[in-house]
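For reference, start37.cif (mmCIF, C-alpha atoms):
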```cif
data_input
#
loop_
_atom_site.group_PDB
_atom_site.id
_atom_site.type_symbol
_atom_site.label_atom_id
_atom_site.label_comp_id
_atom_site.auth_asym_id
_atom_site.auth_seq_id
_atom_site.Cartn_x
_atom_site.Cartn_y
_atom_site.Cartn_z
ATOM 1 C CA MET A 10 -12.102 9.525 -20.299
ATOM 2 C CA MET A 11 -12.657 5.887 -19.379
ATOM 3 C CA MET A 12 -9.520 3.873 -18.634
ATOM 4 C CA ILE A 13 -9.543 0.106 -18.107
ATOM 5 C CA SER A 14 -6.768 -1.423 -16.070
ATOM 6 C CA SER A 15 -4.635 -4.179 -17.561
ATOM 7 C CA ASN A 16 -3.842 -5.683 -14.154
ATOM 8 C CA ALA A 17 -5.741 -8.814 -15.156
ATOM 9 C CA ARG A 18 -3.266 -9.686 -17.893
ATOM 10 C CA PRO A 19 -0.723 -11.484 -15.676
ATOM 11 C CA LEU A 20 -3.386 -13.442 -13.788
ATOM 12 C CA PHE A 21 -3.860 -16.248 -16.333
ATOM 13 C CA VAL A 22 -0.104 -16.550 -16.913
ATOM 14 C CA ALA A 23 0.556 -16.794 -13.196
ATOM 15 C CA LEU A 24 -2.266 -19.305 -12.812
ATOM 16 C CA CYS A 25 -0.872 -21.604 -15.469
ATOM 17 C CA ALA A 26 2.663 -21.331 -14.136
ATOM 18 C CA SER A 27 1.663 -22.001 -10.553
ATOM 19 C CA LEU A 28 -0.585 -24.947 -11.332
ATOM 20 C CA GLN A 29 1.863 -26.261 -13.989
ATOM 21 C CA LEU A 30 -0.953 -27.238 -16.317
ATOM 22 C CA THR A 31 -0.317 -30.122 -18.719
ATOM 23 C CA ASP A 32 -2.384 -32.063 -21.219
ATOM 24 C CA ALA A 33 -3.034 -34.556 -18.464
ATOM 25 C CA PHE A 34 -4.746 -31.971 -16.248
ATOM 26 C CA THR A 35 -8.309 -33.105 -15.706
ATOM 27 C CA LEU A 36 -11.270 -32.497 -13.467
ATOM 28 C CA SER A 37 -11.694 -34.305 -10.161
ATOM 29 C CA THR A 38 -13.889 -37.369 -10.236
ATOM 30 C CA ASN A 39 -16.046 -35.612 -7.657
ATOM 31 C CA SER A 40 -17.021 -32.977 -10.223
ATOM 32 C CA PRO A 41 -20.507 -33.097 -11.733
ATOM 33 C CA LEU A 42 -18.819 -33.188 -15.153
ATOM 34 C CA SER A 43 -16.661 -36.189 -14.360
ATOM 35 C CA SER A 44 -16.883 -39.487 -16.156
ATOM 36 C CA SER A 45 -15.058 -42.770 -16.088
ATOM 37 C CA SER A 46 -12.657 -41.475 -18.740
ATOM 38 C CA ILE A 47 -11.607 -38.454 -16.672
ATOM 39 C CA ALA A 48 -8.630 -39.018 -14.409
ATOM 40 C CA ALA A 49 -8.084 -37.383 -11.055
ATOM 41 C CA PRO A 50 -5.622 -34.476 -10.903
ATOM 42 C CA ARG A 51 -2.048 -35.538 -10.324
ATOM 43 C CA ARG A 52 -1.117 -32.602 -8.100
ATOM 44 C CA SER A 53 -2.190 -31.585 -4.666
ATOM 45 C CA ASN A 54 -5.020 -29.069 -4.309
ATOM 46 C CA THR A 55 -2.700 -26.877 -2.207
ATOM 47 C CA LYS A 56 -1.504 -25.462 -5.523
ATOM 48 C CA LEU A 57 -4.891 -23.821 -5.865
ATOM 49 C CA TYR A 58 -4.334 -21.911 -2.654
ATOM 50 C CA ASN A 59 -0.736 -20.975 -3.413
ATOM 51 C CA ILE A 60 -1.777 -19.320 -6.653
ATOM 52 C CA PHE A 61 -3.276 -16.400 -4.765
ATOM 53 C CA ASP A 62 0.081 -15.677 -3.127
ATOM 54 C CA ALA A 63 1.816 -15.790 -6.517
ATOM 55 C CA VAL A 64 -0.691 -13.441 -8.106
ATOM 56 C CA GLY A 65 -0.460 -11.087 -5.134
ATOM 57 C CA ASP A 66 3.322 -10.833 -5.506
ATOM 58 C CA ILE A 67 3.002 -10.028 -9.211
ATOM 59 C CA LEU A 68 0.460 -7.270 -8.659
ATOM 60 C CA SER A 69 1.889 -5.694 -5.517
ATOM 61 C CA GLY A 70 5.578 -5.840 -6.351
ATOM 62 C CA PRO A 71 8.495 -6.276 -3.939
ATOM 63 C CA LYS A 72 8.068 -6.157 -0.185
ATOM 64 C CA LEU A 73 8.291 -2.763 1.478
ATOM 65 C CA GLU A 74 11.361 -2.044 3.587
ATOM 66 C CA ALA A 75 11.620 0.376 6.481
ATOM 67 C CA GLU A 76 12.997 3.863 5.832
ATOM 68 C CA ASP A 77 15.923 4.225 8.219
ATOM 69 C CA ALA A 78 16.456 7.980 7.879
ATOM 70 C CA LEU A 79 14.413 10.634 6.111
ATOM 71 C CA PRO A 80 16.466 12.995 3.917
ATOM 72 C CA TYR A 81 14.899 15.963 5.751
ATOM 73 C CA HIS A 82 13.989 16.817 9.323
ATOM 74 C CA PRO A 83 11.509 17.154 10.866
ATOM 75 C CA PRO A 84 8.807 15.275 8.905
ATOM 76 C CA PHE A 85 5.838 17.220 7.572
ATOM 77 C CA CYS A 86 3.731 16.368 10.626
ATOM 78 C CA ASP A 87 4.995 15.075 13.967
ATOM 79 C CA GLU A 88 1.721 13.297 14.713
ATOM 80 C CA LEU A 89 0.717 11.881 11.316
ATOM 81 C CA SER A 90 3.808 11.473 9.138
ATOM 82 C CA ILE A 91 5.770 8.641 10.740
ATOM 83 C CA CYS A 92 4.737 5.284 12.112
ATOM 84 C CA ASP A 93 7.222 2.914 13.768
ATOM 85 C CA ASP A 94 4.797 0.014 13.936
ATOM 86 C CA GLY A 95 4.846 -1.592 10.496
ATOM 87 C CA VAL A 96 3.316 -0.799 7.112
ATOM 88 C CA ARG A 97 0.364 1.582 6.940
ATOM 89 C CA THR A 98 -2.308 1.494 4.232
ATOM 90 C CA PHE A 99 -4.344 4.426 2.954
ATOM 91 C CA ALA A 100 -7.224 4.901 0.551
ATOM 92 C CA LEU A 101 -6.872 8.028 -1.572
ATOM 93 C CA LYS A 102 -10.129 9.057 -3.228
ATOM 94 C CA GLU A 103 -10.521 11.842 -5.743
ATOM 95 C CA ARG A 104 -13.731 13.757 -5.131
ATOM 96 C CA PRO A 105 -16.147 13.477 -8.092
ATOM 97 C CA LEU A 106 -17.744 16.829 -7.258
ATOM 98 C CA SER A 107 -15.061 19.492 -7.108
ATOM 99 C CA PHE A 108 -14.798 23.111 -8.200
ATOM 100 C CA THR A 109 -11.051 22.747 -8.771
ATOM 101 C CA GLY A 110 -10.792 19.143 -10.004
ATOM 102 C CA GLU A 111 -7.893 18.688 -7.566
ATOM 103 C CA ASP A 112 -9.649 17.580 -4.390
ATOM 104 C CA PHE A 113 -8.871 14.331 -2.571
ATOM 105 C CA ASP A 114 -10.065 12.681 0.629
ATOM 106 C CA ILE A 115 -7.598 10.297 2.260
ATOM 107 C CA VAL A 116 -8.422 7.770 4.963
ATOM 108 C CA GLU A 117 -6.241 5.253 6.773
ATOM 109 C CA ILE A 118 -7.421 1.661 6.401
ATOM 110 C CA THR A 119 -4.550 -0.162 8.107
ATOM 111 C CA ASN A 120 -6.889 -1.729 10.669
ATOM 112 C CA ASN A 121 -9.658 -2.406 8.115
ATOM 113 C CA ASN A 122 -11.542 0.645 9.351
ATOM 114 C CA GLU A 123 -11.751 3.946 7.493
ATOM 115 C CA GLU A 124 -10.199 6.588 9.720
ATOM 116 C CA ASP A 125 -10.037 10.151 8.399
ATOM 117 C CA PHE A 126 -6.396 11.073 7.833
ATOM 118 C CA VAL A 127 -5.838 14.116 5.619
ATOM 119 C CA ARG A 128 -7.624 15.993 2.858
ATOM 120 C CA VAL A 129 -6.185 17.711 -0.206
ATOM 121 C CA ARG A 130 -7.855 20.722 -1.779
ATOM 122 C CA GLY A 131 -6.958 22.610 -4.927
ATOM 123 C CA ALA A 132 -6.761 26.391 -5.095
ATOM 124 C CA MET A 133 -9.877 28.090 -6.420
ATOM 125 C CA LEU A 134 -8.012 30.909 -8.172
ATOM 126 C CA HIS A 135 -4.712 30.343 -9.974
ATOM 127 C CA LEU A 136 -3.041 31.044 -13.294
ATOM 128 C CA PRO A 137 -3.619 28.527 -16.135
ATOM 129 C CA GLY A 138 -1.120 25.705 -15.715
ATOM 130 C CA LYS A 139 -0.252 26.929 -12.216
ATOM 131 C CA ASP A 140 -1.992 24.322 -10.086
ATOM 132 C CA LYS A 141 -1.719 24.519 -6.316
ATOM 133 C CA MET A 142 -2.918 21.950 -3.801
ATOM 134 C CA ARG A 143 -2.866 22.021 -0.016
ATOM 135 C CA MET A 144 -2.892 19.033 2.319
ATOM 136 C CA ALA A 145 -4.458 19.489 5.738
ATOM 137 C CA SER A 146 -5.128 17.254 8.717
ATOM 138 C CA SER A 147 -8.689 15.914 8.693
ATOM 139 C CA SER A 148 -8.980 16.217 12.472
ATOM 140 C CA SER A 149 -7.372 19.585 13.231
ATOM 141 C CA GLY A 150 -7.506 21.308 9.843
ATOM 142 C CA GLU A 151 -3.817 22.203 10.203
ATOM 143 C CA ASN A 152 -2.090 22.812 6.881
ATOM 144 C CA LEU A 153 0.692 20.235 6.388
ATOM 145 C CA VAL A 154 1.965 20.327 2.794
ATOM 146 C CA THR A 155 1.550 22.701 -0.130
ATOM 147 C CA MET A 156 2.128 21.351 -3.651
ATOM 148 C CA ASP A 157 2.772 24.250 -6.015
ATOM 149 C CA ARG A 158 3.161 23.515 -9.713
ATOM 150 C CA VAL A 159 6.133 25.246 -11.337
ATOM 151 C CA LEU A 160 4.798 27.458 -14.121
ATOM 152 C CA ILE A 161 7.972 27.558 -16.234
ATOM 153 C CA ALA A 162 9.868 24.280 -16.233
ATOM 154 C CA ALA A 163 11.400 21.898 -18.765
ATOM 155 C CA THR A 164 9.375 19.047 -17.305
ATOM 156 C CA PRO A 165 6.244 18.928 -15.112
ATOM 157 C CA SER A 166 7.290 19.826 -11.572
ATOM 158 C CA TYR A 167 5.682 20.583 -8.224
ATOM 159 C CA ASP A 168 7.446 22.378 -5.381
ATOM 160 C CA LEU A 169 6.771 20.955 -1.916
ATOM 161 C CA TYR A 170 6.413 23.355 1.028
ATOM 162 C CA ARG A 171 5.895 22.932 4.753
ATOM 163 C CA SER A 172 3.042 24.675 6.509
ATOM 164 C CA ASP A 173 5.409 27.539 7.434
ATOM 165 C CA GLY A 174 6.282 28.165 3.785
ATOM 166 C CA ILE A 175 9.730 26.535 3.840
ATOM 167 C CA LYS A 176 10.463 24.625 0.645
ATOM 168 C CA ILE A 177 11.549 21.060 1.379
ATOM 169 C CA GLY A 178 12.077 19.946 -2.197
ATOM 170 C CA TRP A 179 10.201 19.177 -5.379
ATOM 171 C CA ILE A 180 8.857 16.324 -7.485
ATOM 172 C CA GLU A 181 9.450 16.353 -11.226
ATOM 173 C CA LYS A 182 8.845 14.068 -14.165
ATOM 174 C CA LYS A 183 12.135 12.797 -15.542
ATOM 175 C CA LEU A 184 12.810 14.362 -18.923
ATOM 176 C CA ILE A 185 14.978 11.624 -20.449
ATOM 177 C CA SER A 186 13.983 8.096 -19.488
ATOM 178 C CA PHE A 187 13.077 4.780 -21.109
ATOM 179 C CA MET A 188 9.876 4.764 -19.074
ATOM 180 C CA ASP A 189 7.824 7.301 -17.161
ATOM 181 C CA THR A 190 9.709 8.213 -14.005
ATOM 182 C CA PHE A 191 9.287 10.841 -11.319
ATOM 183 C CA ASP A 192 12.091 12.018 -9.040
ATOM 184 C CA VAL A 193 11.836 13.708 -5.650
ATOM 185 C CA TYR A 194 14.728 16.064 -4.894
ATOM 186 C CA MET A 195 15.587 17.781 -1.644
ATOM 187 C CA GLU A 196 16.110 21.530 -1.531
ATOM 188 C CA GLY A 197 19.714 22.664 -1.063
ATOM 189 C CA LYS A 198 21.361 19.403 -2.139
ATOM 190 C CA GLY A 199 23.213 21.053 -5.039
ATOM 191 C CA GLY A 200 23.370 20.165 -8.717
ATOM 192 C CA PHE A 201 21.802 21.743 -11.780
ATOM 193 C CA GLY A 202 20.465 20.933 -15.241
ATOM 194 C CA VAL A 203 17.184 19.710 -16.690
ATOM 195 C CA THR A 204 18.214 16.262 -17.914
ATOM 196 C CA GLY A 205 19.335 14.856 -14.604
ATOM 197 C CA LEU A 206 22.939 14.507 -15.773
ATOM 198 C CA PHE A 207 24.196 17.177 -13.378
ATOM 199 C CA LYS A 208 21.655 16.760 -10.625
ATOM 200 C CA PRO A 209 22.234 15.039 -7.300
ATOM 201 C CA THR A 210 20.843 11.578 -6.749
ATOM 202 C CA PRO A 211 17.121 11.969 -6.074
ATOM 203 C CA ALA A 212 16.000 11.312 -2.535
ATOM 204 C CA TYR A 213 13.241 9.141 -3.986
ATOM 205 C CA ARG A 214 12.622 7.688 -7.432
ATOM 206 C CA ILE A 215 9.079 6.774 -8.435
ATOM 207 C CA GLU A 216 8.767 4.121 -11.134
ATOM 208 C CA GLY A 217 6.197 1.631 -12.339
ATOM 209 C CA ASP A 218 3.266 1.197 -14.679
ATOM 210 C CA PHE A 219 1.848 4.707 -14.843
ATOM 211 C CA LEU A 220 -0.654 3.700 -17.520
ATOM 212 C CA ASP A 221 -2.419 1.658 -14.868
ATOM 213 C CA ARG A 222 -1.267 3.964 -12.039
ATOM 214 C CA ASN A 223 0.729 1.297 -10.211
ATOM 215 C CA PHE A 224 4.091 2.594 -9.018
ATOM 216 C CA SER A 225 6.685 2.314 -6.258
ATOM 217 C CA PHE A 226 8.856 4.747 -4.309
ATOM 218 C CA LYS A 227 12.541 3.837 -3.924
ATOM 219 C CA ASN A 228 14.979 5.699 -1.702
ATOM 220 C CA GLU A 229 18.650 6.379 -2.475
ATOM 221 C CA GLU A 230 19.575 2.898 -1.286
ATOM 222 C CA GLY A 231 17.122 1.300 -3.695
ATOM 223 C CA LYS A 232 14.727 0.184 -0.956
ATOM 224 C CA VAL A 233 11.022 0.215 -1.833
ATOM 225 C CA VAL A 234 9.536 2.373 0.929
ATOM 226 C CA ALA A 235 6.049 3.016 -0.491
ATOM 227 C CA ARG A 236 3.787 2.026 -3.341
ATOM 228 C CA ALA A 237 0.495 3.097 -4.876
ATOM 229 C CA ASN A 238 -1.996 1.021 -6.836
ATOM 230 C CA MET A 239 -5.270 1.852 -8.501
ATOM 231 C CA ASP A 240 -8.011 0.680 -6.198
ATOM 232 C CA SER A 241 -10.446 -0.638 -8.826
ATOM 233 C CA TRP A 242 -10.466 -2.210 -12.268
ATOM 234 C CA ILE A 243 -12.091 0.759 -13.982
ATOM 235 C CA GLN A 244 -10.998 4.349 -13.410
ATOM 236 C CA ILE A 245 -12.291 7.717 -14.579
ATOM 237 C CA ASP A 246 -9.892 10.669 -14.601
ATOM 238 C CA MET A 247 -12.048 12.908 -12.439
ATOM 239 C CA MET A 248 -12.577 10.304 -9.700
ATOM 240 C CA ASN A 249 -9.507 8.054 -9.454
ATOM 241 C CA HIS A 250 -9.075 5.910 -6.360
ATOM 242 C CA TYR A 251 -5.751 4.566 -5.056
ATOM 243 C CA GLN A 252 -4.557 2.265 -2.333
ATOM 244 C CA VAL A 253 -1.264 3.533 -0.919
ATOM 245 C CA GLN A 254 1.084 1.567 1.327
ATOM 246 C CA VAL A 255 3.781 3.335 3.338
ATOM 247 C CA ALA A 256 6.659 1.543 5.040
ATOM 248 C CA GLU A 257 7.695 1.995 8.627
ATOM 249 C CA GLY A 258 9.704 5.193 9.103
ATOM 250 C CA MET A 259 8.562 6.746 5.804
ATOM 251 C CA ASP A 260 6.746 10.102 5.753
ATOM 252 C CA ALA A 261 3.169 9.275 4.753
ATOM 253 C CA CYS A 262 2.384 12.932 4.045
ATOM 254 C CA LEU A 263 5.180 13.143 1.473
ATOM 255 C CA VAL A 264 4.067 9.942 -0.261
ATOM 256 C CA LEU A 265 0.413 10.996 -0.424
ATOM 257 C CA ALA A 266 1.338 14.461 -1.691
ATOM 258 C CA CYS A 267 3.427 12.933 -4.502
ATOM 259 C CA VAL A 268 0.608 10.561 -5.491
ATOM 260 C CA CYS A 269 -1.752 13.544 -5.805
ATOM 261 C CA CYS A 270 0.775 15.403 -7.993
ATOM 262 C CA ILE A 271 1.294 12.380 -10.250
ATOM 263 C CA ASP A 272 -2.447 11.823 -10.611
ATOM 264 C CA GLU A 273 -2.999 15.448 -11.603
ATOM 265 C CA GLU A 274 -0.162 15.359 -14.128
ATOM 266 C CA PHE A 275 -1.490 12.293 -15.948
ATOM 267 C CA ASP A 276 -5.064 13.571 -15.829
ATOM 268 C CA GLU A 277 -3.884 16.733 -17.589
ATOM 269 C CA GLU A 278 -1.954 14.731 -20.164
ATOM 270 C CA HIS A 279 -5.054 12.668 -20.898
ATOM 271 C CA GLN A 280 -7.136 15.811 -21.330
ATOM 272 C CA GLU A 281 -4.559 17.284 -23.717
ATOM 273 C CA ARG A 282 -4.550 14.146 -25.861
ATOM 274 C CA LYS A 283 -8.330 14.067 -25.879
ATOM 275 C CA LYS A 284 -8.460 17.707 -26.962
ATOM 276 C CA LYS A 285 -6.019 17.089 -29.810
ATOM 277 C CA ARG A 286 -8.032 14.133 -31.069
ATOM 278 C CA GLU A 287 -11.194 16.218 -31.080
ATOM 279 C CA GLU A 288 -9.469 18.959 -33.077
ATOM 280 C CA GLU A 289 -8.210 16.555 -35.737
#
```

Please go through the file and, once you have read it, give me the structure as structure tokens.
Amino acid sequence: MMMISSNARPLFVALCASLQLTDAFTLSTNSPLSSSSIAAPRRSNTKLYNIFDAVGDILSGPKLEAEDALPYHPPFCDELSICDDGVRTFALKERPLSFTGEDFDIVEITNNNEEDFVRVRGAMLHLPGKDKMRMASSSSGENLVTMDRVLIAATPSYDLYRSDGIKIGWIEKKLISFMDTFDVYMEGKGGFGVTGLFKPTPAYRIEGDFLDRNFSFKNEEGKVVARANMDSWIQIDMMNHYQVQVAEGMDACLVLACVCCIDEEFDEEHQERKKKREEE
């Protein structure tokens, strides 16, 4: 299914607001189209440069803040998970040729160079609706995170396991919400229920524009500690690309695992809707 991003919609609005266009706005007399009846612009050309900052803020959202304390210990990987030297940026690429349809290659692009980071592979054999993905280090091949879809659940959910099989928590789509929302809960924190009314506060809440796959991770304090954005204007379900930013102190492996789970969930929803339309 072809999906076209609507990220371009705010661009013209932001442009007009930043430049403060009026009826008196005209071309410079240096333009090839100028004439004696065309006046010079009243405002400084620095507005043209500032527009890019304004548009960037609209598209990227609020500034990332450092995660002071993870809700679990240790992180998924001592070597890869945490960075104490600023924001890291990753490119998450869904493999177009895959036997499982759940394979991703992830590289770090913080320094403008593609450095292999981790890879995610889906299980070859599993029950229908029982997806399982494993994240492994690209360099050592060590298994880091297992994302295991819950077969019977009121809302789409994936359990998150360490390499030793210990369950750290789970990510689930919020059942009752004004907008699409995913919550990440920690194992053993107490609470029960499927609506969220009797559950503990999620360790992380993931909100945003899921139609265009642009969303942010907020911790319990409301700090934005990570965000993911589609990495191109046109996306196809079987080969989505994301750019993921992770704040200082945040577990990159957890963030990337959640992005993979969210991508798979919406891909399946799209396929279900497509199937229903074909049957009608």

note - CA of Val253 (chain A) and CA of Thr190 (chain A) are separated by 17.7 Å

* Taking the file as shown, find all residues satisfying the PyMOL selection byres ((chain A and resi 121) around 12) and write them as a ChimeraX atom specification. => /A:97-100,116-120,122-124

Of A:Glu216, A:Glu230, A:Asp173, A:Asp168, the one nearest to Met195 (chain A) when counting all atoms listed in the file is A:Asp168

Next on the checklist: From the options A:Pro105, A:Pro165, A:Gly174, A:Gly197, which residue's atoms come nearest to Glu277 (chain A), counting all atoms listed in the file?
Outcome noted: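 The closest residue to Glu277 (chain A) is A:Pro165.
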
Mind telling me what the PyMOL selection byres ((chain A and resi 112) around 6) catches here, as a PDB file with C-alpha atoms, keeping the file's coordinate frame?
```pdb
ATOM      1  CA  GLU A 103     -10.521  11.842  -5.743  1.00  0.00           C
ATOM      2  CA  ARG A 104     -13.731  13.757  -5.131  1.00  0.00           C
ATOM      3  CA  GLY A 110     -10.792  19.143 -10.004  1.00  0.00           C
ATOM      4  CA  GLU A 111      -7.893  18.688  -7.566  1.00  0.00           C
ATOM      5  CA  PHE A 113      -8.871  14.331  -2.571  1.00  0.00           C
ATOM      6  CA  VAL A 129      -6.185  17.711  -0.206  1.00  0.00           C
ATOM      7  CA  ARG A 130      -7.855  20.722  -1.779  1.00  0.00           C
ATOM      8  CA  GLY A 131      -6.958  22.610  -4.927  1.00  0.00           C
TER       9      GLY A 131
END
```

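Coordinates place CA of Asp192 (chain A) at a distance of 9.3 Å from CA of Phe226 (chain A).
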
From the list A:Arg171, A:Glu88, A:Pro71, A:Pro83, the nearest residue to Ser225 (chain A) using only C-alpha atoms is A:Pro71

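CA of Met188 (chain A) lies 21.9 Å from CA of Asn249 (chain A).
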
Starting from the point (0.6, 15.7, -13.1), work out which residues of protein, DNA or RNA have an atom no more than 12 Å away when counting only C-alpha atoms; state them as a ChimeraX atom specification. /A:111,138-142,156-159,164-167,180-182,189-191,219,222,246,266-281

Residue selection dump (C-alpha atoms) as a PDB file, keeping the file's coordinate frame:
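Okay, this is what ended up in out-v7.pdb:
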```
ATOM      1  CA  GLU A 111      -7.893  18.688  -7.566  1.00  0.00           C
ATOM      2  CA  GLY A 138      -1.120  25.705 -15.715  1.00  0.00           C
ATOM      3  CA  LYS A 139      -0.252  26.929 -12.216  1.00  0.00           C
ATOM      4  CA  ASP A 140      -1.992  24.322 -10.086  1.00  0.00           C
ATOM      5  CA  LYS A 141      -1.719  24.519  -6.316  1.00  0.00           C
ATOM      6  CA  MET A 142      -2.918  21.950  -3.801  1.00  0.00           C
ATOM      7  CA  MET A 156       2.128  21.351  -3.651  1.00  0.00           C
ATOM      8  CA  ASP A 157       2.772  24.250  -6.015  1.00  0.00           C
ATOM      9  CA  ARG A 158       3.161  23.515  -9.713  1.00  0.00           C
ATOM     10  CA  VAL A 159       6.133  25.246 -11.337  1.00  0.00           C
ATOM     11  CA  THR A 164       9.375  19.047 -17.305  1.00  0.00           C
ATOM     12  CA  PRO A 165       6.244  18.928 -15.112  1.00  0.00           C
ATOM     13  CA  SER A 166       7.290  19.826 -11.572  1.00  0.00           C
ATOM     14  CA  TYR A 167       5.682  20.583  -8.224  1.00  0.00           C
ATOM     15  CA  ILE A 180       8.857  16.324  -7.485  1.00  0.00           C
ATOM     16  CA  GLU A 181       9.450  16.353 -11.226  1.00  0.00           C
ATOM     17  CA  LYS A 182       8.845  14.068 -14.165  1.00  0.00           C
ATOM     18  CA  ASP A 189       7.824   7.301 -17.161  1.00  0.00           C
ATOM     19  CA  THR A 190       9.709   8.213 -14.005  1.00  0.00           C
ATOM     20  CA  PHE A 191       9.287  10.841 -11.319  1.00  0.00           C
ATOM     21  CA  PHE A 219       1.848   4.707 -14.843  1.00  0.00           C
ATOM     22  CA  ARG A 222      -1.267   3.964 -12.039  1.00  0.00           C
ATOM     23  CA  ASP A 246      -9.892  10.669 -14.601  1.00  0.00           C
ATOM     24  CA  ALA A 266       1.338  14.461  -1.691  1.00  0.00           C
ATOM     25  CA  CYS A 267       3.427  12.933  -4.502  1.00  0.00           C
ATOM     26  CA  VAL A 268       0.608  10.561  -5.491  1.00  0.00           C
ATOM     27  CA  CYS A 269      -1.752  13.544  -5.805  1.00  0.00           C
ATOM     28  CA  CYS A 270       0.775  15.403  -7.993  1.00  0.00           C
ATOM     29  CA  ILE A 271       1.294  12.380 -10.250  1.00  0.00           C
ATOM     30  CA  ASP A 272      -2.447  11.823 -10.611  1.00  0.00           C
ATOM     31  CA  GLU A 273      -2.999  15.448 -11.603  1.00  0.00           C
ATOM     32  CA  GLU A 274      -0.162  15.359 -14.128  1.00  0.00           C
ATOM     33  CA  PHE A 275      -1.490  12.293 -15.948  1.00  0.00           C
ATOM     34  CA  ASP A 276      -5.064  13.571 -15.829  1.00  0.00           C
ATOM     35  CA  GLU A 277      -3.884  16.733 -17.589  1.00  0.00           C
ATOM     36  CA  GLU A 278      -1.954  14.731 -20.164  1.00  0.00           C
ATOM     37  CA  HIS A 279      -5.054  12.668 -20.898  1.00  0.00           C
ATOM     38  CA  GLN A 280      -7.136  15.811 -21.330  1.00  0.00           C
ATOM     39  CA  GLU A 281      -4.559  17.284 -23.717  1.00  0.00           C
TER      40      GLU A 281
END
```

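Among the candidates A:Lys285, A:Lys183, A:Lys198, A:Lys232, the one nearest to Ala78 (chain A) when counting only C-alpha atoms is A:Lys232.
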
Please expand the PyMOL selection byres ((chain A and resi 256) around 10) into the concrete residues it hits in this file, giving the result as a list of chain:residue names.
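Checking the PyMOL selection byres ((chain A and resi 256) around 10) against this file, the residues are A:Lys72, A:Leu73, A:Glu74, A:Ala75, A:Glu76, A:Ile91, A:Cys92, A:Asp93, A:Asp94, A:Gly95, A:Val96, A:Arg97, A:Thr98, A:Val233, A:Val234, A:Ala235, A:Arg236, A:Gln254, A:Val255, A:Glu257, A:Gly258, A:Met259, A:Asp260, A:Ala261.
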
When distances are computed from only C-alpha atoms, which of A:Asn238, A:Asn152, A:Gln252, A:Ser90 shows the smallest separation from Asn223 (chain A)?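 Checking each candidate against Asn223 (chain A), we get A:Asn238 as the closest.
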
Judged by only C-alpha atoms, the minimum distance to Trp179 (chain A) among A:Pro84, A:Pro211, A:Gly150, A:Gly231 is found for A:Pro211
